[in-house]
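> Handing you a structure now.
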Amino acid sequence: MSQAPISRFPTPEVADLPDDIRTRILAVQEKSGFVPNVFLVLARRPDEFRAFFAYHDALMDKPGNLTKAEREMIVVATSNANQCQYCVVAHGAILRIRAKNPLIADQVAVNYRKADITDRQKAMLDFAMKVAFEAYAVDDSDFARLSTHGFSEEDVWDIAAIAAFFGMSNRLANVTSMRPNEEFYTMGRI
């Protein structure tokens with residue numbers, strides 16, 4: 001077990017947090033068996049914690065044409081490009097579980113273009129990467145290409161919003177030196 005701090009910023013004690021945040025953290029701990037470090041790092045600023053997780057949940061837990069695994073693919077691919085260790089490791093674990101595939105997260109993180117995913121998913125990730133690094137260049141041709149793969153305008157919004165949201169998340173994780181929980185490394189692999 002690593003003894004390194006989970007963040008370069010101090011993290012609060014769960015018992016000292018506002019009731020709603022403490023309740024959410026304890027529910028996650030009960031479900032997963034541990035508290036993901038992102039919860040503790042962001043809990044130091046309760047209002048921002050609430051806003052962050054409200055938007056996270058609105059993007060990642062909604063029904064729609066994008067599967068939950070595809071949403072995680074976007075996070076893993078763009079987070080790797082942003083060199084965000086925390087998000088690649090944590091969301092890689094979630095991707096392995098949601099896709100029921102122990103290999104997929106590593107493939108998507110290293111080079112999604114060579115991963116064992118569909119052409120539709122590659123088009124989705126191409127667009128997510130464009131949003132992450134060249135959003136100013138998005139144009140009608142991007143929408144047309146995604147449309148040929150069955151993506152609606154609402155799907156395109158979701159892809160863009162996930163890439164953008166996790167760009168912000170990646171930057172916070174890197175600035176705080178947020179460490180992935182060790183539990184994430186083995187989840188969904190066996």
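Residues are referred to by chain and number: the chain letter is A, B, ... according to the order shown in the structure tokens, the number counts from 1 in that chain, and ligands are numbered separately from 1 in the order shown.
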Leaving out region 54-69 of chain A and any residue of its chain fewer than 3 positions from it, which residues lie within 6 Å of it when counting only C-alpha atoms, given as an MDAnalysis selection string?
chainID A and resid 50:51 72 95 98:99
> May I have the residues within 8 Å of Ala43 (chain A) as a ChimeraX atom specification, using only C-alpha atoms and disregarding those fewer than 6 positions away in the same chain?
/A:11-12,17,21,49
> Write down as number ranges by chain the residues of region 15-58 of chain A whose backbone DSSP state falls under alpha helix (DSSP H).
A: 19-32, 37-42, 46-58
> Create the file for the chosen residues now, containing C-alpha atoms and written as a compact mmCIF listing (two decimals), in the first residue's frame.

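Listing of selection24.txt after writing:
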```txt
# COMPACT_ATOMS: atom_id res chain seq x y z
CA ASP A 19 -24.67 15.91 5.96
CA ASP A 20 -25.53 15.63 2.25
CA ILE A 21 -21.90 15.19 1.20
CA ARG A 22 -21.13 12.76 4.02
CA THR A 23 -24.22 10.72 3.10
CA ARG A 24 -23.16 10.57 -0.55
CA ILE A 25 -19.60 9.53 0.28
CA LEU A 26 -20.75 6.84 2.71
CA ALA A 27 -23.20 5.48 0.10
CA VAL A 28 -20.36 5.21 -2.44
CA GLN A 29 -18.17 3.54 0.16
CA GLU A 30 -20.91 1.01 0.96
CA LYS A 31 -21.44 0.19 -2.72
CA SER A 32 -17.79 -0.01 -3.80
CA ASN A 37 -10.13 9.79 -3.68
CA VAL A 38 -11.90 12.28 -5.96
CA PHE A 39 -14.71 12.52 -3.40
CA LEU A 40 -12.32 13.39 -0.59
CA VAL A 41 -10.27 15.85 -2.64
CA LEU A 42 -13.30 17.76 -3.92
CA PRO A 46 -18.64 21.66 -0.51
CA ASP A 47 -20.40 23.95 -3.01
CA GLU A 48 -18.03 22.94 -5.79
CA PHE A 49 -18.36 19.26 -4.80
CA ARG A 50 -22.15 19.50 -5.17
CA ALA A 51 -21.94 21.27 -8.54
CA PHE A 52 -19.28 18.90 -9.88
CA PHE A 53 -21.17 15.74 -9.00
CA ALA A 54 -24.53 17.13 -10.12
CA TYR A 55 -23.12 17.75 -13.60
CA HIS A 56 -21.16 14.48 -13.55
CA ASP A 57 -24.32 12.53 -12.76
CA ALA A 58 -26.37 14.42 -15.36
```
> Quick check, in Å to one decimal: how far apart do CA of Arg145 (chain A) and CA of Met168 (chain A) lie?
26.1 Å
> So, counting only C-alpha atoms, which residue among A:Val76, A:Ala105, A:Ile6, A:Ile162 is closest to Arg189 (chain A)?
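Result for the nearest residue to Arg189 (chain A): A:Ala105.
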> Quick one, how far is CA of Arg96 (chain A) from CA of Met187 (chain A)?
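Answer for the CA of Arg96 (chain A) to CA of Met187 (chain A) separation: 7.6 Å.
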> Could you tell me which of A:Val88, A:Ala164, A:Ala4, A:Leu146 comes closest to Gln107 (chain A) if we count only C-alpha atoms?
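Using only C-alpha atoms, Gln107 (chain A) sits closest to A:Val88.
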> Distance CA of Ala128 (chain A)-CA of Thr78 (chain A), one decimal place?
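Taking CA of Ala128 (chain A) as the start and CA of Thr78 (chain A) as the end point, the length is 7.1 Å.
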> Using only C-alpha atoms, which protein or nucleic acid residues come within 6 Å of Gly188 (chain A)? Drop anything in the same chain fewer than 2 positions from it, and give the result as a list in words.
Arg96, Ile97, Pro102 and Ile190 of chain A
> Might you pull out every residue within 7 Å of Cys84 (chain A), with only C-alpha atoms counted and same-chain residues fewer than 5 positions away left off, and present them as a VMD selection string?
chain A and resid 79 170 173 to 174
> If you keep N, CA and C atoms, can you produce a file of those selected residues as a PDB file, in the first residue's frame?

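Wrote it out as part.pdb, contents follow:
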```pdb
ATOM      1  N   SER A  79      -9.005  11.587 -21.210  1.00  0.00           N
ATOM      2  CA  SER A  79      -8.187  11.723 -20.004  1.00  0.00           C
ATOM      3  C   SER A  79      -6.761  11.256 -20.253  1.00  0.00           C
ATOM      4  N   ASN A 170      -9.853  16.653 -15.491  1.00  0.00           N
ATOM      5  CA  ASN A 170      -8.454  16.245 -15.672  1.00  0.00           C
ATOM      6  C   ASN A 170      -7.507  17.318 -15.155  1.00  0.00           C
ATOM      7  N   ALA A 173      -7.571  17.327 -11.357  1.00  0.00           N
ATOM      8  CA  ALA A 173      -6.880  16.146 -10.837  1.00  0.00           C
ATOM      9  C   ALA A 173      -5.366  16.309 -10.963  1.00  0.00           C
ATOM     10  N   ASN A 174      -4.912  16.874 -12.065  1.00  0.00           N
ATOM     11  CA  ASN A 174      -3.472  17.072 -12.243  1.00  0.00           C
ATOM     12  C   ASN A 174      -2.925  18.149 -11.312  1.00  0.00           C
TER      13      ASN A 174
END
```
> With distances taken over only C-alpha atoms, which of A:Ala93, A:Glu70, A:Ala81, A:Val35 is nearest to Lys130 (chain A)?
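So, comparing all the options, the nearest one is A:Ala81.
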> Could you check the closest approach to Ile159 (chain A) for each of A:Lys100, A:Arg171, A:Arg71, A:Arg113 and tell me which residue wins, using only C-alpha atoms?
A:Arg71
> Compare A:Phe151, A:Phe166, A:Tyr86, A:Phe34 by their minimum atom-to-atom distance to Arg120 (chain A), counting only C-alpha atoms, and give me the closest one.
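Closest to Arg120 (chain A) of all the choices is A:Phe151.
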